Amino acid sequence: MAIGVTAKLRVQPGKNDEFEALFKQLEEAVNSNEDGCNFYALHQSREDPLLYMVLEQYADEDALAAHAKTEYYKRIGAELGSCIVEAPEVELFDSV
């Protein structure tokens with residue numbers, strides 16, 4: 001069963017460009033290296049330019065667990081932390 005993930009992130013004012021550049025690096029690394037990731041993409045709110053949503057889907061629990069253990073996820077994730085206002089709101093979904 002595939003696992004969907006949403007992660008809502010709020011960026012500090014003036015940090016959009018830095019955040020998007022860092023996230024692009026992460027997105028490229030995930031999509032190039034994780035066979036168990038079906039998609040991993042960043043979206044920006046039309047209503048609030050400081051609000052972003054990451055839409056992700058993994059083939060199974062193992063693929064999701066492997067994602068969080070990658071070197072690039074840990075490294076770029078730490079850098080992204082300096083751009084966001086608060087901890088991301090993450091929710092997991094099961095495919096139906």
# chains A, B, ... in the order shown; residues from 1 in each chain; ligands from 1
$ closest_atom_pairs --of "range 3-68 of chain A" --to "range 75-86 of chain A" --cutoff "9 Å" --atoms "only C-alpha atoms" --output "CSV"
residue,atom,partner,partner_atom,distance
A:Leu9,CA,A:Ile84,CA,6.8
A:Arg10,CA,A:Ile84,CA,5.6
A:Val11,CA,A:Ile84,CA,4.2
A:Gln12,CA,A:Val85,CA,5.4
A:Pro13,CA,A:Cys83,CA,8.8
A:Gly14,CA,A:Cys83,CA,9.0
A:Lys15,CA,A:Cys83,CA,5.8
A:Asn16,CA,A:Cys83,CA,7.9
A:Glu18,CA,A:Cys83,CA,7.4
A:Phe19,CA,A:Cys83,CA,5.9
A:Leu22,CA,A:Leu80,CA,6.6
A:Phe23,CA,A:Leu80,CA,7.4
A:Gln25,CA,A:Ile76,CA,7.8
A:Leu26,CA,A:Ile76,CA,6.4
$ write_last_selection --atoms "N, CA and C atoms" --output "PDB file, in the first residue's frame"
ATOM      1  N   LEU A   9       4.723  23.902   5.414  1.00  0.00           N
ATOM      2  CA  LEU A   9       5.852  24.676   5.918  1.00  0.00           C
ATOM      3  C   LEU A   9       5.591  26.168   5.756  1.00  0.00           C
ATOM      4  N   ARG A  10       5.859  26.924   6.797  1.00  0.00           N
ATOM      5  CA  ARG A  10       5.722  28.384   6.727  1.00  0.00           C
ATOM      6  C   ARG A  10       7.129  28.982   6.779  1.00  0.00           C
ATOM      7  N   VAL A  11       7.428  29.809   5.770  1.00  0.00           N
ATOM      8  CA  VAL A  11       8.759  30.385   5.602  1.00  0.00           C
ATOM      9  C   VAL A  11       8.818  31.782   6.227  1.00  0.00           C
ATOM     10  N   GLN A  12       9.976  32.124   6.739  1.00  0.00           N
ATOM     11  CA  GLN A  12      10.190  33.465   7.283  1.00  0.00           C
ATOM     12  C   GLN A  12      10.124  34.500   6.158  1.00  0.00           C
ATOM     13  N   PRO A  13       9.582  35.676   6.443  1.00  0.00           N
ATOM     14  CA  PRO A  13       9.576  36.730   5.428  1.00  0.00           C
ATOM     15  C   PRO A  13      10.991  36.995   4.915  1.00  0.00           C
ATOM     16  N   GLY A  14      11.100  37.118   3.600  1.00  0.00           N
ATOM     17  CA  GLY A  14      12.390  37.392   2.988  1.00  0.00           C
ATOM     18  C   GLY A  14      13.239  36.157   2.723  1.00  0.00           C
ATOM     19  N   LYS A  15      12.743  34.964   3.080  1.00  0.00           N
ATOM     20  CA  LYS A  15      13.521  33.733   2.919  1.00  0.00           C
ATOM     21  C   LYS A  15      13.018  32.838   1.788  1.00  0.00           C
ATOM     22  N   ASN A  16      12.023  33.298   1.012  1.00  0.00           N
ATOM     23  CA  ASN A  16      11.443  32.451  -0.043  1.00  0.00           C
ATOM     24  C   ASN A  16      12.487  31.937  -1.028  1.00  0.00           C
ATOM     25  N   GLU A  18      15.785  31.651  -0.830  1.00  0.00           N
ATOM     26  CA  GLU A  18      16.722  30.712  -0.204  1.00  0.00           C
ATOM     27  C   GLU A  18      16.053  29.365   0.038  1.00  0.00           C
ATOM     28  N   PHE A  19      14.837  29.397   0.586  1.00  0.00           N
ATOM     29  CA  PHE A  19      14.086  28.177   0.849  1.00  0.00           C
ATOM     30  C   PHE A  19      13.854  27.387  -0.435  1.00  0.00           C
ATOM     31  N   LEU A  22      17.111  25.760  -1.802  1.00  0.00           N
ATOM     32  CA  LEU A  22      17.490  24.585  -1.001  1.00  0.00           C
ATOM     33  C   LEU A  22      16.542  23.423  -1.272  1.00  0.00           C
ATOM     34  N   PHE A  23      15.258  23.723  -1.314  1.00  0.00           N
ATOM     35  CA  PHE A  23      14.294  22.645  -1.523  1.00  0.00           C
ATOM     36  C   PHE A  23      14.468  22.015  -2.897  1.00  0.00           C
ATOM     37  N   GLN A  25      17.202  21.509  -4.433  1.00  0.00           N
ATOM     38  CA  GLN A  25      18.298  20.542  -4.285  1.00  0.00           C
ATOM     39  C   GLN A  25      17.782  19.241  -3.671  1.00  0.00           C
ATOM     40  N   LEU A  26      16.969  19.370  -2.629  1.00  0.00           N
ATOM     41  CA  LEU A  26      16.411  18.195  -1.969  1.00  0.00           C
ATOM     42  C   LEU A  26      15.492  17.432  -2.900  1.00  0.00           C
TER      43      LEU A  26
END
$ residues_around --residues "range 88-91 of chain A" --least-positions-apart "2" --cutoff "6 Å" --atoms "only C-alpha atoms" --output "list in words"
Val5, Thr6, Ala7, Lys8 and Leu9 of chain A
$ closest_residue --among "A:Glu20, A:Glu28, A:Asp35, A:Asp48" --to "Tyr73 in chain A" --atoms "only C-alpha atoms"
A:Glu28
$ select_by_dssp --residues "range 11-49 of chain A" --states "helix (DSSP H, G or I)" --output "PyMOL selection string"
chain A and resi 16-33
$ write_last_selection --atoms "N, CA and C atoms" --output "PDB file, in the first residue's frame"
ATOM      1  N   ASN A  16      12.023  33.298   1.012  1.00  0.00           N
ATOM      2  CA  ASN A  16      11.443  32.451  -0.043  1.00  0.00           C
ATOM      3  C   ASN A  16      12.487  31.937  -1.028  1.00  0.00           C
ATOM      4  N   ASP A  17      13.316  32.833  -1.549  1.00  0.00           N
ATOM      5  CA  ASP A  17      14.287  32.429  -2.569  1.00  0.00           C
ATOM      6  C   ASP A  17      15.277  31.403  -2.021  1.00  0.00           C
ATOM      7  N   GLU A  18      15.785  31.651  -0.830  1.00  0.00           N
ATOM      8  CA  GLU A  18      16.722  30.712  -0.204  1.00  0.00           C
ATOM      9  C   GLU A  18      16.053  29.365   0.038  1.00  0.00           C
ATOM     10  N   PHE A  19      14.837  29.397   0.586  1.00  0.00           N
ATOM     11  CA  PHE A  19      14.086  28.177   0.849  1.00  0.00           C
ATOM     12  C   PHE A  19      13.854  27.387  -0.435  1.00  0.00           C
ATOM     13  N   GLU A  20      13.386  28.050  -1.474  1.00  0.00           N
ATOM     14  CA  GLU A  20      13.086  27.364  -2.730  1.00  0.00           C
ATOM     15  C   GLU A  20      14.347  26.781  -3.370  1.00  0.00           C
ATOM     16  N   ALA A  21      15.454  27.475  -3.300  1.00  0.00           N
ATOM     17  CA  ALA A  21      16.707  26.968  -3.869  1.00  0.00           C
ATOM     18  C   ALA A  21      17.175  25.722  -3.118  1.00  0.00           C
ATOM     19  N   LEU A  22      17.111  25.760  -1.802  1.00  0.00           N
ATOM     20  CA  LEU A  22      17.490  24.585  -1.001  1.00  0.00           C
ATOM     21  C   LEU A  22      16.542  23.423  -1.272  1.00  0.00           C
ATOM     22  N   PHE A  23      15.258  23.723  -1.314  1.00  0.00           N
ATOM     23  CA  PHE A  23      14.294  22.645  -1.523  1.00  0.00           C
ATOM     24  C   PHE A  23      14.468  22.015  -2.897  1.00  0.00           C
ATOM     25  N   LYS A  24      14.811  22.812  -3.885  1.00  0.00           N
ATOM     26  CA  LYS A  24      15.033  22.273  -5.229  1.00  0.00           C
ATOM     27  C   LYS A  24      16.160  21.243  -5.200  1.00  0.00           C
ATOM     28  N   GLN A  25      17.202  21.509  -4.433  1.00  0.00           N
ATOM     29  CA  GLN A  25      18.298  20.542  -4.285  1.00  0.00           C
ATOM     30  C   GLN A  25      17.782  19.241  -3.671  1.00  0.00           C
ATOM     31  N   LEU A  26      16.969  19.370  -2.629  1.00  0.00           N
ATOM     32  CA  LEU A  26      16.411  18.195  -1.969  1.00  0.00           C
ATOM     33  C   LEU A  26      15.492  17.432  -2.900  1.00  0.00           C
ATOM     34  N   GLU A  27      14.624  18.140  -3.585  1.00  0.00           N
ATOM     35  CA  GLU A  27      13.680  17.520  -4.511  1.00  0.00           C
ATOM     36  C   GLU A  27      14.420  16.738  -5.603  1.00  0.00           C
ATOM     37  N   GLU A  28      15.472  17.327  -6.156  1.00  0.00           N
ATOM     38  CA  GLU A  28      16.245  16.652  -7.199  1.00  0.00           C
ATOM     39  C   GLU A  28      16.934  15.403  -6.650  1.00  0.00           C
ATOM     40  N   ALA A  29      17.480  15.489  -5.439  1.00  0.00           N
ATOM     41  CA  ALA A  29      18.155  14.338  -4.831  1.00  0.00           C
ATOM     42  C   ALA A  29      17.168  13.203  -4.563  1.00  0.00           C
ATOM     43  N   VAL A  30      16.015  13.541  -4.015  1.00  0.00           N
ATOM     44  CA  VAL A  30      14.998  12.521  -3.721  1.00  0.00           C
ATOM     45  C   VAL A  30      14.532  11.864  -5.008  1.00  0.00           C
ATOM     46  N   ASN A  31      14.148  12.664  -5.985  1.00  0.00           N
ATOM     47  CA  ASN A  31      13.599  12.112  -7.224  1.00  0.00           C
ATOM     48  C   ASN A  31      14.636  11.335  -8.031  1.00  0.00           C
ATOM     49  N   SER A  32      15.920  11.633  -7.856  1.00  0.00           N
ATOM     50  CA  SER A  32      16.974  10.927  -8.588  1.00  0.00           C
ATOM     51  C   SER A  32      17.454   9.657  -7.897  1.00  0.00           C
ATOM     52  N   ASN A  33      17.318   9.603  -6.576  1.00  0.00           N
ATOM     53  CA  ASN A  33      17.962   8.527  -5.816  1.00  0.00           C
ATOM     54  C   ASN A  33      17.023   7.563  -5.097  1.00  0.00           C
TER      55      ASN A  33
END
$ atom_distance --atom1 "CA of Glu47 in chain A" --atom2 "CA of Asp94 in chain A"
27.7 Å
$ atom_distance --atom1 "CA of Gln57 in chain A" --atom2 "CA of Gly36 in chain A"
8.6 Å
$ closest_residue --among "A:His43, A:Cys37, A:Leu50, A:Val96" --to "Ala68 in chain A" --atoms "only C-alpha atoms"
A:Cys37
$ residues_around --residues "range 38-40 of chain A" --least-positions-apart "5" --cutoff "6 Å" --atoms "only C-alpha atoms" --output "list of chain:residue names"
A:Leu55, A:Glu56, A:Gln57, A:Tyr58
$ select_by_dssp --residues "chain A" --states "strand (DSSP E)" --output "PyMOL selection string"
chain A and resi 3-10+37-44+51-58+89-94
$ closest_residue --among "A:Lys74, A:Val54, A:Glu61, A:Ala66" --to "Glu34 in chain A" --atoms "only C-alpha atoms"
A:Ala66
